[in-house]
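Source file: query.cif (mmCIF, C-alpha atoms)
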```cif
data_input
#
loop_
_atom_site.label_atom_id
_atom_site.label_comp_id
_atom_site.auth_asym_id
_atom_site.auth_seq_id
_atom_site.Cartn_x
_atom_site.Cartn_y
_atom_site.Cartn_z
CA MET L 174 11.79 29.41 -12.91
CA ALA L 175 11.78 25.97 -11.30
CA ILE L 176 8.46 24.16 -11.01
CA PRO L 177 8.23 21.61 -8.16
CA LEU L 178 6.05 18.52 -8.28
CA LEU L 179 4.20 19.99 -5.30
CA ASP L 180 4.70 23.47 -3.84
CA LEU L 181 4.18 23.11 -0.10
CA LYS L 182 5.80 26.48 0.60
CA ALA L 183 3.28 28.31 -1.59
CA GLN L 184 0.44 26.49 0.15
CA TYR L 185 1.78 27.36 3.58
CA LEU L 186 2.22 31.04 2.72
CA SER L 187 -1.38 31.24 1.51
CA ILE L 188 -2.67 30.30 5.01
CA LYS L 189 0.36 31.19 7.12
CA GLU L 190 -1.40 33.32 9.71
CA GLU L 191 -4.07 30.69 10.37
CA ILE L 192 -1.51 27.91 10.65
CA ASP L 193 0.78 29.89 12.93
CA ASN L 194 -2.10 30.87 15.21
CA ALA L 195 -3.30 27.27 15.42
CA VAL L 196 0.14 25.98 16.39
CA MET L 197 0.64 28.73 18.96
CA GLY L 198 -2.76 27.91 20.42
CA VAL L 199 -1.63 24.35 21.10
CA LEU L 200 1.65 25.52 22.58
CA ASP L 201 -0.21 27.91 24.87
CA SER L 202 -2.60 25.15 25.96
CA CYS L 203 0.20 22.65 26.69
CA LYS L 204 -2.19 19.86 25.69
CA PHE L 205 -0.19 17.82 23.22
CA ILE L 206 -1.59 14.27 23.03
CA LEU L 207 -5.24 13.22 22.42
CA GLY L 208 -6.57 16.64 23.34
CA PRO L 209 -9.36 18.86 22.01
CA GLU L 210 -7.77 19.45 18.58
CA VAL L 211 -7.61 15.72 17.81
CA LYS L 212 -11.21 15.22 18.99
CA ALA L 213 -12.41 18.17 16.90
CA LEU L 214 -10.60 16.90 13.80
CA GLU L 215 -12.11 13.45 14.28
CA ASP L 216 -15.59 14.93 14.58
CA GLU L 217 -15.13 17.14 11.52
CA ILE L 218 -13.84 14.36 9.28
CA SER L 219 -16.46 11.82 10.37
CA ALA L 220 -19.19 14.38 9.62
CA TYR L 221 -17.60 15.22 6.25
CA CYS L 222 -17.29 11.56 5.23
CA GLY L 223 -20.67 10.54 6.62
CA THR L 224 -19.38 7.92 9.07
CA LYS L 225 -20.13 7.40 12.75
CA HIS L 226 -16.48 7.34 13.78
CA ALA L 227 -13.09 8.77 12.88
CA ILE L 228 -10.05 7.69 14.86
CA ALA L 229 -6.82 9.67 14.44
CA VAL L 230 -3.58 7.68 14.51
CA ALA L 231 0.12 8.27 14.00
CA ASN L 232 0.31 7.66 10.24
CA GLY L 233 -1.43 6.11 7.27
CA THR L 234 0.44 2.82 7.59
CA ASP L 235 -0.69 2.39 11.19
CA ALA L 236 -4.23 3.19 10.06
CA LEU L 237 -4.15 0.16 7.76
CA VAL L 238 -2.55 -2.12 10.37
CA LEU L 239 -5.09 -1.15 13.02
CA ALA L 240 -8.01 -1.49 10.61
CA LEU L 241 -6.84 -4.98 9.63
CA GLN L 242 -6.48 -6.03 13.25
CA ALA L 243 -9.85 -4.57 14.16
CA CYS L 244 -11.37 -6.62 11.33
CA LYS L 245 -9.70 -9.71 12.86
CA ILE L 246 -7.34 -10.33 9.96
CA GLY L 247 -4.23 -12.31 10.89
CA PRO L 248 -2.11 -15.43 10.31
CA GLY L 249 -3.62 -17.88 7.85
CA ASP L 250 -5.78 -15.25 6.18
CA GLU L 251 -5.44 -13.84 2.66
CA VAL L 252 -6.13 -10.25 1.69
CA ILE L 253 -6.53 -9.18 -1.92
CA THR L 254 -5.07 -5.86 -3.01
CA SER L 255 -3.45 -3.99 -5.89
CA PRO L 256 0.15 -4.45 -7.05
CA PHE L 257 0.20 -0.85 -8.34
CA THR L 258 0.41 1.22 -5.18
CA PHE L 259 2.74 2.35 -2.41
CA PHE L 260 4.35 -0.50 -0.49
CA ALA L 261 2.35 0.09 2.71
CA SER L 262 -0.87 -1.17 1.12
CA ALA L 263 0.53 -4.72 1.10
CA GLU L 264 3.21 -4.36 3.78
CA THR L 265 0.52 -3.93 6.41
CA ILE L 266 -1.16 -7.18 5.35
CA ALA L 267 2.11 -9.01 5.93
CA ASN L 268 2.68 -7.15 9.20
CA VAL L 269 -0.48 -8.63 10.73
CA GLY L 270 0.61 -12.11 9.62
CA ALA L 271 -1.74 -12.44 6.64
CA THR L 272 -0.82 -13.11 3.01
CA PRO L 273 -1.12 -10.42 0.32
CA VAL L 274 -2.80 -11.64 -2.87
CA PHE L 275 -2.30 -9.37 -5.86
CA VAL L 276 -4.85 -8.81 -8.62
CA ASP L 277 -4.05 -6.96 -11.83
CA ILE L 278 -5.34 -3.46 -12.49
CA ASP L 279 -7.77 -1.83 -14.88
CA PRO L 280 -5.87 -0.33 -17.86
CA VAL L 281 -7.91 2.89 -17.79
CA THR L 282 -8.18 3.87 -14.10
CA LEU L 283 -5.15 1.86 -12.83
CA ASN L 284 -7.32 0.67 -9.95
CA LEU L 285 -8.10 -2.95 -9.08
CA ASP L 286 -9.78 -4.73 -11.99
CA ILE L 287 -13.00 -5.93 -10.40
CA ASP L 288 -13.47 -8.57 -13.12
CA LYS L 289 -10.25 -10.30 -12.06
CA ILE L 290 -10.87 -10.49 -8.31
CA GLU L 291 -13.30 -13.39 -8.03
CA LYS L 292 -10.93 -16.02 -9.41
CA LYS L 293 -8.39 -15.06 -6.71
CA ILE L 294 -10.84 -15.65 -3.85
CA THR L 295 -10.16 -18.80 -1.82
CA PRO L 296 -11.53 -20.17 1.47
CA ARG L 297 -8.68 -18.28 3.17
CA THR L 298 -9.65 -14.90 1.70
CA LYS L 299 -10.95 -12.64 4.46
CA ALA L 300 -10.69 -9.11 3.06
CA ILE L 301 -9.99 -6.86 0.10
CA ILE L 302 -8.04 -3.62 0.29
CA PRO L 303 -9.04 -1.47 -2.71
CA VAL L 304 -6.56 1.37 -3.25
CA HIS L 305 -8.04 4.58 -4.65
CA ILE L 306 -4.87 5.29 -6.57
CA PHE L 307 -3.88 8.89 -7.30
CA GLY L 308 -7.30 10.02 -5.99
CA GLN L 309 -9.33 7.97 -8.51
CA MET L 310 -11.86 5.76 -6.74
CA VAL L 311 -12.30 2.05 -7.35
CA ASP L 312 -15.68 0.85 -8.69
CA MET L 313 -17.07 0.46 -5.17
CA ASP L 314 -20.61 -0.56 -6.17
CA ARG L 315 -19.40 -3.72 -7.91
CA LEU L 316 -16.75 -4.39 -5.27
CA MET L 317 -19.23 -4.21 -2.41
CA LYS L 318 -21.58 -6.65 -4.18
CA LEU L 319 -18.69 -9.07 -4.59
CA ALA L 320 -17.68 -8.66 -0.95
CA GLU L 321 -21.24 -9.30 0.20
CA ARG L 322 -21.45 -12.46 -1.89
CA TYR L 323 -18.29 -13.89 -0.31
CA ARG L 324 -18.69 -12.23 3.12
CA LEU L 325 -15.42 -10.35 2.85
CA ARG L 326 -14.28 -7.28 4.75
CA ILE L 327 -13.49 -4.18 2.71
CA ILE L 328 -10.84 -1.75 3.99
CA GLU L 329 -10.52 1.22 1.66
CA ASP L 330 -6.98 2.52 1.29
CA SER L 331 -7.92 6.16 0.76
CA ALA L 332 -4.47 7.57 1.54
CA GLN L 333 -4.46 9.50 -1.75
CA ALA L 334 -8.18 10.12 -2.03
CA ILE L 335 -9.63 12.17 0.82
CA GLY L 336 -12.60 14.07 -0.58
CA ALA L 337 -13.03 11.83 -3.63
CA GLU L 338 -16.48 10.37 -4.23
CA TYR L 339 -18.14 7.37 -5.82
CA ASN L 340 -21.82 7.88 -6.64
CA GLY L 341 -21.91 10.68 -4.09
CA ARG L 342 -20.28 8.75 -1.24
CA LYS L 343 -16.92 9.80 0.13
CA ALA L 344 -13.78 7.71 -0.17
CA GLY L 345 -13.31 5.56 2.91
CA SER L 346 -16.98 5.60 3.91
CA ILE L 347 -18.28 2.71 1.79
CA GLY L 348 -16.39 -0.33 3.10
CA ASP L 349 -16.12 -1.66 6.65
CA ALA L 350 -13.39 0.90 7.28
CA GLY L 351 -11.39 3.47 5.37
CA THR L 352 -7.92 4.82 6.00
CA PHE L 353 -6.28 8.16 5.33
CA SER L 354 -2.70 9.36 5.37
CA PHE L 355 -1.84 12.92 6.38
CA PHE L 356 1.72 12.71 5.06
CA PRO L 357 2.76 16.24 4.03
CA THR L 358 2.37 15.63 0.28
CA LYS L 359 -1.21 14.36 0.52
CA ASN L 360 -4.21 16.50 -0.52
CA LEU L 361 -4.79 17.01 3.19
CA GLY L 362 -1.28 16.87 4.59
CA GLY L 363 0.18 17.81 7.94
CA TYR L 364 3.65 19.06 8.74
CA GLY L 365 4.74 15.61 9.82
CA ASP L 366 3.19 12.16 9.91
CA GLY L 367 -0.45 11.47 10.63
CA GLY L 368 -3.30 9.16 9.73
CA MET L 369 -6.92 8.27 10.42
CA VAL L 370 -9.41 5.42 10.24
CA ILE L 371 -13.07 6.08 9.53
CA THR L 372 -15.87 3.57 10.06
CA SER L 373 -19.53 3.27 11.00
CA ASP L 374 -18.91 -0.03 12.78
CA ASP L 375 -18.92 0.55 16.55
CA ALA L 376 -16.85 -2.57 17.29
CA ILE L 377 -14.14 -1.65 14.79
CA ALA L 378 -13.95 1.90 16.16
CA GLU L 379 -13.71 0.71 19.78
CA LYS L 380 -10.98 -1.77 18.90
CA ILE L 381 -8.88 0.83 17.05
CA ARG L 382 -9.20 3.38 19.86
CA MET L 383 -7.92 0.73 22.27
CA LEU L 384 -5.11 -0.49 20.02
CA ARG L 385 -3.78 3.00 19.27
CA PHE L 386 -3.24 3.60 23.02
CA HIS L 387 -1.28 0.53 24.14
CA GLY L 388 -4.33 -1.74 24.14
CA CYS L 389 -6.13 -0.04 26.99
CA LYS L 390 -9.53 1.54 27.51
CA ASN L 391 -8.60 2.89 30.92
CA LYS L 392 -5.13 4.24 31.60
CA TYR L 393 -2.72 1.66 33.01
CA TYR L 394 -5.23 -1.21 32.51
CA HIS L 395 -4.32 -3.07 29.32
CA ASP L 396 -6.72 -5.56 27.77
CA GLU L 397 -4.26 -6.59 25.05
CA VAL L 398 -0.94 -5.64 23.48
CA GLY L 399 -1.43 -2.55 21.36
CA TYR L 400 0.57 0.31 19.90
CA ASN L 401 1.60 3.85 20.58
CA SER L 402 -0.13 5.32 17.52
CA ARG L 403 -1.64 8.70 18.27
CA LEU L 404 -1.94 11.85 16.21
CA ASP L 405 -0.49 14.75 18.19
CA GLU L 406 -2.34 17.98 18.90
CA ILE L 407 -0.04 20.20 16.84
CA GLN L 408 -0.62 18.11 13.72
CA ALA L 409 -4.35 18.02 14.41
CA SER L 410 -4.48 21.81 14.73
CA ILE L 411 -2.66 22.23 11.41
CA LEU L 412 -4.91 19.70 9.69
CA ARG L 413 -8.05 21.43 10.99
CA VAL L 414 -6.96 24.67 9.34
CA LYS L 415 -6.11 22.95 6.06
CA PHE L 416 -9.29 20.85 6.16
CA ARG L 417 -11.32 24.03 5.72
CA TYR L 418 -9.69 24.44 2.29
CA LEU L 419 -9.79 20.80 1.18
CA ASP L 420 -12.81 20.98 -1.14
CA GLN L 421 -11.54 24.21 -2.69
CA TRP L 422 -8.09 22.73 -3.28
CA ASN L 423 -9.51 19.48 -4.68
CA GLN L 424 -11.69 21.42 -7.11
CA SER L 425 -8.62 23.36 -8.22
CA ARG L 426 -6.77 20.08 -8.82
CA ARG L 427 -9.65 18.89 -10.99
CA GLU L 428 -9.50 22.10 -13.00
CA LYS L 429 -5.75 21.73 -13.51
CA ALA L 430 -6.25 18.11 -14.61
CA GLU L 431 -8.97 19.08 -17.08
CA TYR L 432 -6.71 21.76 -18.56
CA TYR L 433 -3.91 19.23 -19.00
CA ASP L 434 -6.40 16.88 -20.68
CA ARG L 435 -7.29 19.58 -23.21
CA LEU L 436 -3.70 20.64 -23.84
CA LEU L 437 -2.49 17.06 -24.28
CA ASP L 438 -5.42 15.91 -26.42
CA PRO L 439 -3.47 15.93 -29.73
CA LEU L 440 -0.83 13.60 -28.27
CA ILE L 441 -3.56 11.33 -26.91
CA HIS L 442 -5.17 11.04 -30.35
CA GLN L 443 -1.78 10.33 -31.90
CA GLY L 444 -1.33 7.46 -29.46
CA LYS L 445 1.80 9.01 -27.98
CA LEU L 446 0.57 9.15 -24.40
CA THR L 447 -2.34 8.38 -22.11
CA VAL L 448 -3.76 10.68 -19.44
CA PRO L 449 -5.57 9.65 -16.22
CA GLY L 450 -8.70 7.62 -16.98
CA LYS L 451 -12.09 8.54 -15.58
CA ASP L 452 -14.96 6.53 -14.14
CA PRO L 453 -18.23 8.40 -14.91
CA ASN L 454 -19.55 7.47 -11.45
CA ALA L 455 -16.54 8.90 -9.62
CA LEU L 456 -15.36 12.36 -8.60
CA PRO L 457 -11.54 12.22 -8.48
CA VAL L 458 -9.26 14.51 -6.49
CA TYR L 459 -6.04 14.11 -8.51
CA HIS L 460 -3.56 13.55 -5.73
CA LEU L 461 -1.25 13.07 -8.70
CA TYR L 462 -1.73 13.66 -12.42
CA VAL L 463 -0.06 10.62 -13.92
CA LEU L 464 0.37 10.33 -17.65
CA ARG L 465 1.69 7.23 -19.38
CA SER L 466 4.05 7.00 -22.32
CA ASP L 467 6.54 4.57 -23.79
CA GLU L 468 8.82 7.61 -23.99
CA ARG L 469 8.64 8.30 -20.26
CA GLU L 470 12.40 8.56 -19.80
CA LYS L 471 12.77 11.13 -22.58
CA ILE L 472 9.94 13.24 -21.21
CA ALA L 473 11.42 13.10 -17.70
CA ILE L 474 14.89 14.06 -18.91
CA ASP L 475 13.58 17.02 -20.93
CA LEU L 476 11.45 18.26 -18.01
CA ASN L 477 14.34 17.96 -15.56
CA GLU L 478 16.64 19.86 -17.92
CA LYS L 479 14.17 22.76 -17.65
CA ASP L 480 14.12 22.44 -13.85
CA ILE L 481 10.60 21.00 -13.82
CA ALA L 482 10.04 18.20 -11.35
CA CYS L 483 8.30 14.95 -12.23
CA GLY L 484 8.04 11.58 -10.53
CA ILE L 485 7.79 7.90 -11.38
CA TYR L 486 4.83 6.26 -9.64
CA TYR L 487 5.69 3.39 -9.37
CA PRO L 488 8.94 1.97 -10.77
CA LEU L 489 8.31 -1.64 -9.68
CA PRO L 490 4.96 -3.34 -8.93
CA LEU L 491 4.55 -4.87 -5.49
CA HIS L 492 4.35 -8.48 -6.66
CA LEU L 493 7.90 -8.18 -8.04
CA GLN L 494 9.42 -6.51 -4.96
CA ASN L 495 12.15 -8.48 -3.19
CA ALA L 496 10.20 -8.29 0.05
CA PHE L 497 7.42 -10.35 -1.53
CA ALA L 498 9.59 -12.84 -3.40
CA TYR L 499 8.35 -15.56 -1.02
CA LEU L 500 4.91 -15.27 -2.63
CA GLY L 501 6.26 -16.70 -5.88
CA TYR L 502 5.08 -14.13 -8.39
CA LYS L 503 7.09 -13.68 -11.57
CA LEU L 504 7.35 -11.18 -14.41
CA GLY L 505 4.35 -11.52 -16.69
CA ASP L 506 1.88 -12.58 -13.96
CA LEU L 507 0.20 -9.15 -13.76
CA PRO L 508 0.98 -7.54 -17.13
CA ILE L 509 -1.14 -4.38 -16.90
CA ALA L 510 0.48 -3.31 -13.63
CA GLU L 511 3.91 -4.22 -14.96
CA GLU L 512 3.40 -2.13 -18.10
CA ALA L 513 2.08 0.82 -16.08
CA CYS L 514 5.27 0.78 -14.02
CA THR L 515 7.32 1.27 -17.21
CA GLN L 516 5.15 4.15 -18.46
CA ALA L 517 3.73 6.17 -15.57
CA LEU L 518 5.03 9.68 -14.92
CA ALA L 519 3.54 12.27 -12.59
CA ILE L 520 3.77 15.90 -13.63
CA PRO L 521 3.03 18.93 -11.43
CA CYS L 522 -0.67 19.29 -10.59
CA TYR L 523 -1.57 21.30 -7.48
CA PRO L 524 -3.77 24.30 -6.66
CA GLU L 525 -1.00 26.91 -6.79
CA LEU L 526 0.19 25.83 -10.26
CA THR L 527 -0.51 28.53 -12.86
CA THR L 528 -1.91 28.03 -16.35
CA GLU L 529 1.30 29.50 -17.73
CA GLN L 530 3.31 26.87 -15.89
CA GLN L 531 1.04 24.12 -17.20
CA GLU L 532 1.46 25.40 -20.75
CA GLU L 533 5.24 25.43 -20.32
CA ILE L 534 5.18 21.83 -19.08
CA VAL L 535 3.00 20.69 -21.96
CA GLN L 536 5.18 22.46 -24.51
CA ILE L 537 8.18 20.48 -23.29
CA ILE L 538 6.20 17.23 -23.48
CA PHE L 539 5.18 17.99 -27.07
CA ALA L 540 8.80 18.68 -27.99
CA ALA L 541 9.96 15.46 -26.29
CA LEU L 542 7.48 13.39 -28.29
CA ASP L 543 7.96 15.18 -31.62
#
```
For the file at hand, write its structure as structure tokens.
Amino acid sequence: MAIPLLDLKAQYLSIKEEIDNAVMGVLDSCKFILGPEVKALEDEISAYCGTKHAIAVANGTDALVLALQACKIGPGDEVITSPFTFFASAETIANVGATPVFVDIDPVTLNLDIDKIEKKITPRTKAIIPVHIFGQMVDMDRLMKLAERYRLRIIEDSAQAIGAEYNGRKAGSIGDAGTFSFFPTKNLGGYGDGGMVITSDDAIAEKIRMLRFHGCKNKYYHDEVGYNSRLDEIQASILRVKFRYLDQWNQSRREKAEYYDRLLDPLIHQGKLTVPGKDPNALPVYHLYVLRSDEREKIAIDLNEKDIACGIYYPLPLHLQNAFAYLGYKLGDLPIAEEACTQALAIPCYPELTTEQQEEIVQIIFAALD
């Protein structure tokens, strides 16, 4: 039987009645934009994350753009971020007129290497966007100390990490602002696009609320040019149902990841592959379980032949993307990220995955590397 990389149908069927009732409730209310479901979701997520504010927006990319603008980042500024992430993490920096500055990653966690950040800080540096890649949090204690020393804003890209923790604090809640994506494949995903910014800074929250609604505080009175970036009520109602299961699902992902770790241990000791690294201070949520091997292509081919999905995250680091050619980076500048892009392969890891399916996947990996 085929094994998808993520089984959204199985997840939906497990909570179908609750989801259907929530959607029908919105349809019956005929309140579709910035209504009670959005407000309730904002309140629930701000309470969960321990922040004063949560502002729902149209998608995770908008969340980053609005957070950057609210932190007064723009032309002439530099923002440090990771080259090993989805394009939006750096695209949004360019979209507000600032310059992305890439720092290489830690070889174990694949997050920003804190030791390499300081030498990239210049008088133009105004912020750092740490990306909690695959649900593994950046070393936020050390990063915040560095940011305080240089008076830099921290915007946590927590698109893949809702529910993750660092020393007991939730992803997105430690910096000046944190952003989430509710894209359907995320740990908390809607049935369409969606995003959110969380913050305890009143000024940032007020600015984002204004920007998401055409730059106005009062309807038809616009203080500045903004956006149409609002989470709709139907998506909010769906997310509120799924939010009730988030911790349970994240715990299940951790259990699946730990089982993979045990099953793959012989290959790890033989040096044939590497599994996701762990920070002892962090609680990951395994948005993806990404192993690394020089034989990635062979593993992927063998899995696909057995109708088992896998995915390459990411095939090309951001500093080598054509869109950022103007920055002048070249092959060899950020070698850890470049190597990760030749090795990384995500295999199925989600709550509905069975132990039998995991064992089948691992058996194929063993055979591929024999």
Atom-to-atom span, CA of Ile474 in chain L and CA of Pro488 in chain L, Å: 15.7 Å
Two-atom distance - CA of Tyr486 in chain L, CA of Cys514 in chain L (Å):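 Answer for the CA of Tyr486 in chain L to CA of Cys514 in chain L separation: 7.0 Å.
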Answer key for the PyMOL selection byres ((chain L and resi 340-351) around 7), residues as a compact mmCIF listing (two decimals) with C-alpha atoms, keeping the file's coordinate frame:
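Written out: expr12.txt:
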```txt
# COMPACT_ATOMS: atom_id res chain seq x y z
CA CYS L 222 -17.29 11.56 5.23
CA GLY L 223 -20.67 10.54 6.62
CA THR L 224 -19.38 7.92 9.07
CA ALA L 240 -8.01 -1.49 10.61
CA ARG L 326 -14.28 -7.28 4.75
CA ILE L 327 -13.49 -4.18 2.71
CA ILE L 328 -10.84 -1.75 3.99
CA GLU L 329 -10.52 1.22 1.66
CA ASP L 330 -6.98 2.52 1.29
CA SER L 331 -7.92 6.16 0.76
CA ALA L 334 -8.18 10.12 -2.03
CA ILE L 335 -9.63 12.17 0.82
CA GLY L 336 -12.60 14.07 -0.58
CA ALA L 337 -13.03 11.83 -3.63
CA GLU L 338 -16.48 10.37 -4.23
CA TYR L 339 -18.14 7.37 -5.82
CA THR L 352 -7.92 4.82 6.00
CA PHE L 353 -6.28 8.16 5.33
CA VAL L 370 -9.41 5.42 10.24
CA ILE L 371 -13.07 6.08 9.53
CA THR L 372 -15.87 3.57 10.06
CA ASP L 374 -18.91 -0.03 12.78
CA ASN L 454 -19.55 7.47 -11.45
CA ALA L 455 -16.54 8.90 -9.62
```
Close residues, range 378-383 of chain L itself excluded, 8 Å, all atoms listed in the file, min 2 positions apart in chain, as a PyMOL selection string: chain L and resi 226-228+239-240+243+371-376+385-390+399
Pick from L:Leu436, L:Ile485, L:Ile441, L:Ala332, whichever lies nearest to Thr528 in chain L using only C-alpha atoms: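 Counting only C-alpha atoms, the residue closest to Thr528 in chain L is L:Leu436.
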Ground truth for the PyMOL selection byres ((chain L and resi 287) around 10), written as a list in words: Val276, Asp277, Ile278, Asp279, Asn284, Leu285, Asp286, Asp288, Lys289, Ile290, Glu291, Pro303, Val311, Asp312, Met313, Arg315, Leu316 and Leu319 of chain L
Contacts between range 401-421 of chain L and range 437-485 of chain L, please, where a residue of range 437-485 of chain L counts if it comes within 12 Å (with only C-alpha atoms); show its shortest atom pair and distance in Å to one decimal, rows by chain and ascending number, as a tab-separated table.
```
residue	atom	partner	partner_atom	distance
L:Leu456	CA	L:Asp420	CA	11.7
L:Pro457	CA	L:Asp420	CA	11.5
L:Val458	CA	L:Asp420	CA	9.1
L:His460	CA	L:Leu419	CA	11.8
```
Which of L:Thr447, L:Asn391, L:Thr358, L:Ser255 sits closest to Asp180 in chain L [using only C-alpha atoms]: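 So, comparing all the options, the nearest one is L:Thr358.
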Among listed residues L:Gly208, L:Gly501, L:Pro439, L:Pro177, nearest Gly484 in chain L (using all atoms listed in the file): L:Pro177
Minimum-distance residue to Ser354 in chain L, chosen among L:Ala263, L:Ala175, L:Ala229, L:Val281 (using all atoms listed in the file):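 Going through L:Ala263, L:Ala175, L:Ala229, L:Val281 one by one, the smallest distance to Ser354 in chain L is for L:Ala229.
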Residues matched by the PyMOL selection byres ((chain L and resi 533) around 12), written as a ChimeraX atom specification: /L:174-176,433,436,475-476,479-481,520-521,526-532,534-540
